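Following: one structure in structure tokens, then a few remarks.
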Number of protein chains: 2
Amino acid sequence: MLRDREHELSERYGISFRITGIATRRLGWIADPDGLEVDRVARTLLSDKPVKSDLKLPNVHAWLKAAQADVLFEATALNVETGQPAIDHIRAALEHGAHAITANKGPIVHAYRELRDLAAKQGKRFLFESTVMDGVPIFSLFDQLPAIHLQGFHGILNSTTNVILSEMENGLTFDESLKKAQALGVAETDATHDIDGWDAAVKTAALITVLMDVPVRLEEIHREGIRELTTNEVRNGRRDGWPFKLVCRAQRAGDGVKASVAPEKILSSSPMGRISGTSSYIYFETDIFPGLAITEENPGLYATAYGMLADLMRAVGRVDTASVLR
Amino acid sequence: MLRDREHELSERYGISFRITGIATRRLGWIADPDGLEVDRVARTLLSDKPVKSDLKLPNVHAWLKAAQADVLFEATALNVETGQPAIDHIRAALEHGAHAITANKGPIVHAYRELRDLAAKQGKRFLFESTVMDGVPIFSLFDQLPAIHLQGFHGILNSTTNVILSEMENGLTFDESLKKAQALGVAETDATHDIDGWDAAVKTAALITVLMDVPVRLEEIHREGIRELTTNEVRNGRRDGWPFKLVCRAQRAGDGVKASVAPEKILSSSPMGRISGTSSYIYFETDIFPGLAITEENPGLYATAYGMLADLMRAVGRVDTASVLR
């Protein structure tokens, strides 16, 4: 994605970059302040060749320093329980003096206020536009809705369950549908997080935490997955014009927020009823706009990467996320 | 709107303000750098009392100077042919050194590049978020989608025709429906601009001009209004599940853009088919997000005023419209 747009970034936006550090579980912490050849590193990743040891660093702190990092892109897998090790990576980057951009929802749910405040103290950015609805700038949209009051929202935010439910409507069993979603590259090998509603719950918690400014623990979100649904139920729902969808809901209640993730029967001609496959949808209730909805239809392969690219431009360019206005 | 949120603006966002100038066709150019009592001016407007002559200025230039204006809110009526006098007001404000905020689409269609460049030269903002979809931050959303390529869009952007078509579906004649829309306060006394598609065409042109960076003349937009539709046609469309909607469309074609505003039969269960009353809808086609749609359901009375308030916060606060990134 970066490479694709490198020329445009440089010519049109005056942003040039070098990739000076890469870290994966397999490679370890690799850094070279003169710039790494990404293609060569990728080949190393695919082969079994060891990386030259002089580029290897012992930990994230030494790695950020050796890489002379200005921006960290954090893309580890979601840890629902703790948000780690992503939180440590982001904290280390901000302390080092780099902007931190993440596609991982865990740190928002488990450490949003700490990381937001640390970023402000360091004069750096903590950005996470790729965490919800791929790269659609949901959080940035609310930066552009200053002084608005968000009362609640509902939506469909998990693709894997959406694809599985569609396949079950066509008569496949749950297991067959899951295998198909995996074959399509939509579901991960371990799709538990999606199927049991964790992914949708974490997204719901992230939206509540950031946009409603209410810290919410995951345990407080009523959560049901789609594992218990039978092919018959799902087929009948579709046949009757009320297909099942895994719906996220949040509503202010007193000082807090009542939130849930659960399969619901939704009228097929309604906006949520029409969301299928990898599309997603969110409907915000605000005081000024009683209903403000965003639909993302069939996002491209690059949507999540684009969200991180746009965050880079927000961090180093002139796009202001105006976190101070929150 | 400003008064409603005055406390919040001051306490939460550190923005305080004085209204030092008011101008209307009837009052003329009224200014007082110490601040005008808006309630008193409003009473004067409603009564027939003349304004004290020592507050009256001869023209916009003298008025801006006397008011020591930092921000101009321009809200004159749309002049489809020339964009005047709004363009002159905005130009005068920027030259005076004030930010210019407008709810008038005319200046965008007739003088966007000039005013944008003048604002940049003066280090001031030319903002117009209230011109399309009330105050929904459509233009600001695209500021948050840097380096994206917008290939086209379609949508329903005019409320008056939407309300009239709904009433005709219920069996009223065109004239009766128009009277009802006027009684509801949706349509103006002279609703020609709405009915003949001018309002929708100007909005379409504004979106093309700003978001696709293609200057388009109004004459280049194929435009048909709803005046020719009969109650029978409209009723039958609804009955058959294909109601009429006044649809705006734009699509890149070579270096230019092909655009139209015309009544179309739309499948009633589709997103556009479901838009009724004062709701509006826009669907953007981009390279990263093949379909990114925004629905605004039943905007509140303050939606347009909110758009201008948010522009004020963008202009004087920390919300960055990032026009330099365009």
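FYI, nothing fancy with the structure tokens labels: chains A, B, ... in order, residues from 1 per chain, ligands from 1 as they appear.
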Open item on the list: With only C-alpha atoms as the counted atoms, please give the residues lying no more than 12 Å from A:Glu224, apart from itself and same-chain residues fewer than 6 positions off, as a VMD selection string.
Closed with: chain A and resid 161 193 to 201 245 to 248 259 to 264
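Omitting stretch 187-189 of chain B and its sequence neighbours fewer than 3 positions away, and counting only C-alpha atoms, the residues within 9 Å are Ser159, Thr160, Thr161, Val163, Leu178, Lys179, Lys180, Ala181, Gln182, Ala183, Leu184, Thr192 and Asp194 of chain B.
Using only C-alpha atoms, the residues found no farther than 12 Å from A:Val60, other than those of its own chain fewer than 5 positions away, are Gly21, Ile22, Ala23, Thr24, Gly28, Trp29, Ile30, Ala31, Lys65, Ala66, Ala67, Gln68, Ala69, Leu72, Glu74, Pro85, Ala86, Ile87, Asp88, His89, Ile90, Arg91, Ala92, Ala93, Leu94, Glu95 and His96 of chain A.
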Task: Who sits within 7 Å of stretch 123-129 of chain A, only C-alpha atoms, same chain under 2 positions skipped, as a list in words - done: Leu94, Gly97, Ala98, His99, Ala100, Ile101, Thr102, Ala103, Leu115, Arg116, Ala119, Ala120, Lys121, Thr131, Val132, Gly135, Pro137, Phe139, Gly307, Met308, Asp311 and Ala315 of chain A
TODO: Using DSSP on the backbone coordinates, identify all residues within stretch 141-307 of chain A classified as strand (DSSP E); present the result as a PyMOL selection string.
DONE: chain A and resi 150-156+222-223+244-253+256-265+280-286+291-297
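Near A:Phe284, within 10 Å and counting only C-alpha atoms, sit Leu150, Gln151, Gly152, Phe153, His154, Gly155, Ala250, Phe289, Pro290, Gly291, Leu292, Ala293 and Ile294 of chain A; Glu296 of chain B; same-chain residues fewer than 5 positions away were not included.
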TODO: Considering only C-alpha atoms, state which residue in the set A:Ala42, A:Val71, A:Leu64, A:Val186 is at the smallest distance from A:Leu309.
DONE: A:Val71
Task: Residue nearest A:Ser166 among A:Thr82, A:Thr278, A:Gln251, A:Ser130 (counting only C-alpha atoms) - done: A:Thr278
Task: Spatial neighbours of B:Leu211, 12 Å, only C-alpha atoms, chain gap at least 6 places, as a VMD selection string - done: chain B and resid 108 112 138 to 153 203 to 205 250 252 257 284 to 286 323 325 to 326
Could you save those same residues with N, CA, C and O atoms as a CSV table (one decimal), in the first residue's frame?
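again_23.csv was written with the following content:
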```
chain,number,residue,atom,x,y,z
B,108,ILE,N,-19.5,28.4,-4.3
B,108,ILE,CA,-18.6,27.3,-4.6
B,108,ILE,C,-18.7,27.0,-6.1
B,108,ILE,O,-17.7,26.7,-6.7
B,112,TYR,N,-15.2,28.9,-6.6
B,112,TYR,CA,-14.5,28.1,-5.6
B,112,TYR,C,-13.0,28.3,-5.6
B,112,TYR,O,-12.4,28.6,-4.6
B,138,ILE,N,-19.6,16.4,5.0
B,138,ILE,CA,-19.2,15.7,3.8
B,138,ILE,C,-17.9,16.1,3.3
B,138,ILE,O,-17.0,15.3,3.1
B,139,PHE,N,-17.7,17.4,3.2
B,139,PHE,CA,-16.4,17.9,2.7
B,139,PHE,C,-15.3,17.6,3.7
B,139,PHE,O,-14.2,17.1,3.3
B,140,SER,N,-15.5,17.7,5.0
B,140,SER,CA,-14.5,17.4,6.0
B,140,SER,C,-14.2,15.9,6.0
B,140,SER,O,-13.1,15.5,6.3
B,141,LEU,N,-15.2,15.1,5.7
B,141,LEU,CA,-15.0,13.6,5.6
B,141,LEU,C,-13.9,13.3,4.6
B,141,LEU,O,-13.0,12.5,4.8
B,142,PHE,N,-14.0,14.0,3.5
B,142,PHE,CA,-13.0,13.8,2.4
B,142,PHE,C,-11.6,14.4,2.8
B,142,PHE,O,-10.6,13.9,2.3
B,143,ASP,N,-11.6,15.4,3.7
B,143,ASP,CA,-10.3,15.8,4.2
B,143,ASP,C,-9.6,14.7,4.9
B,143,ASP,O,-8.4,14.6,5.0
B,144,GLN,N,-10.5,13.8,5.5
B,144,GLN,CA,-10.0,12.7,6.3
B,144,GLN,C,-9.8,11.4,5.4
B,144,GLN,O,-9.6,10.3,5.9
B,145,LEU,N,-10.0,11.6,4.1
B,145,LEU,CA,-9.7,10.5,3.2
B,145,LEU,C,-8.6,10.9,2.2
B,145,LEU,O,-8.8,11.0,1.0
B,146,PRO,N,-7.4,11.2,2.8
B,146,PRO,CA,-6.4,11.8,1.9
B,146,PRO,C,-6.0,10.7,0.8
B,146,PRO,O,-6.0,9.5,1.1
B,147,ALA,N,-5.5,11.3,-0.3
B,147,ALA,CA,-5.0,10.4,-1.4
B,147,ALA,C,-5.9,9.4,-1.9
B,147,ALA,O,-5.6,8.4,-2.5
B,148,ILE,N,-7.2,9.6,-1.7
B,148,ILE,CA,-8.2,8.7,-2.2
B,148,ILE,C,-8.7,9.2,-3.5
B,148,ILE,O,-8.6,10.4,-3.8
B,149,HIS,N,-9.2,8.3,-4.4
B,149,HIS,CA,-9.6,8.8,-5.7
B,149,HIS,C,-11.1,8.6,-5.8
B,149,HIS,O,-11.6,7.5,-5.7
B,150,LEU,N,-11.8,9.7,-6.0
B,150,LEU,CA,-13.3,9.7,-6.0
B,150,LEU,C,-13.7,9.6,-7.5
B,150,LEU,O,-13.4,10.5,-8.3
B,151,GLN,N,-14.3,8.4,-7.9
B,151,GLN,CA,-14.7,8.2,-9.3
B,151,GLN,C,-16.1,8.7,-9.6
B,151,GLN,O,-16.3,9.0,-10.8
B,152,GLY,N,-16.9,8.7,-8.6
B,152,GLY,CA,-18.3,9.2,-8.9
B,152,GLY,C,-19.1,9.1,-7.7
B,152,GLY,O,-18.7,8.7,-6.6
B,153,PHE,N,-20.4,9.6,-7.8
B,153,PHE,CA,-21.3,9.5,-6.7
B,153,PHE,C,-22.7,9.6,-7.2
B,153,PHE,O,-23.0,10.0,-8.3
B,203,LYS,N,-25.9,21.6,-5.8
B,203,LYS,CA,-25.2,20.8,-4.8
B,203,LYS,C,-24.2,19.8,-5.5
B,203,LYS,O,-23.1,19.5,-5.1
B,204,THR,N,-24.8,19.2,-6.6
B,204,THR,CA,-23.9,18.2,-7.4
B,204,THR,C,-22.7,18.9,-7.9
B,204,THR,O,-21.6,18.4,-7.8
B,205,ALA,N,-22.9,20.1,-8.4
B,205,ALA,CA,-21.7,20.9,-9.0
B,205,ALA,C,-20.7,21.2,-7.9
B,205,ALA,O,-19.5,21.1,-8.1
B,250,ALA,N,-23.0,11.7,-10.7
B,250,ALA,CA,-21.8,12.2,-11.3
B,250,ALA,C,-20.8,11.1,-11.5
B,250,ALA,O,-20.7,10.2,-10.6
B,252,ARG,N,-16.8,10.3,-13.4
B,252,ARG,CA,-15.6,10.8,-14.1
B,252,ARG,C,-15.7,10.2,-15.6
B,252,ARG,O,-16.1,9.0,-15.8
B,257,VAL,N,-16.2,15.3,-15.9
B,257,VAL,CA,-17.2,14.6,-15.2
B,257,VAL,C,-18.6,14.7,-15.9
B,257,VAL,O,-19.0,15.8,-16.3
B,284,PHE,N,-20.7,7.3,-2.4
B,284,PHE,CA,-19.5,7.7,-3.1
B,284,PHE,C,-18.8,6.4,-3.6
B,284,PHE,O,-18.7,5.4,-2.9
B,285,GLU,N,-18.2,6.5,-4.8
B,285,GLU,CA,-17.4,5.4,-5.4
B,285,GLU,C,-16.0,5.8,-5.3
B,285,GLU,O,-15.6,6.8,-6.0
B,286,THR,N,-15.2,5.1,-4.5
B,286,THR,CA,-13.7,5.5,-4.5
B,286,THR,C,-12.9,4.2,-4.8
B,286,THR,O,-13.4,3.1,-4.8
B,323,SER,N,-7.2,21.9,4.1
B,323,SER,CA,-7.4,22.2,2.7
B,323,SER,C,-6.1,22.1,1.9
B,323,SER,O,-6.1,21.9,0.7
B,325,LEU,N,-4.2,19.8,1.9
B,325,LEU,CA,-3.9,18.4,1.4
B,325,LEU,C,-4.7,18.2,0.1
B,325,LEU,O,-4.5,17.1,-0.5
B,326,ARG,N,-5.6,19.0,-0.2
B,326,ARG,CA,-6.4,18.8,-1.4
B,326,ARG,C,-5.5,18.8,-2.7
B,326,ARG,O,-4.7,19.6,-2.8
```
- [ ] Report as number ranges by chain: the residues of stretch 100-238 of chain B with a DSSP assignment of alpha helix (DSSP H), based on the backbone of this structure.
- [x] B: 106-122, 138-143, 159-169, 174-183, 192-195, 198-211, 231-238
Open item on the list: Residues near A:Glu6, anyone? I mean within 12 Å using only C-alpha atoms, not counting same-chain ones fewer than 5 positions away, as a ChimeraX atom specification.
Closed with: /A:1,11-19,309 /B:147
Task: Pick from B:Phe73, B:Tyr302, B:Phe174, B:Trp242, whichever lies nearest to chain A using only C-alpha atoms - done: B:Tyr302
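Compared by their closest atoms to chain A, and using only C-alpha atoms, the residues B:Asp134, B:Ala191, B:Leu312, B:Ile288 rank with B:Ile288 nearest.
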- [ ] Counting only C-alpha atoms, figure out which residue out of B:Leu9, B:Leu36, B:Ala111, B:Leu57 gets nearest to B:Val210.
- [x] B:Ala111
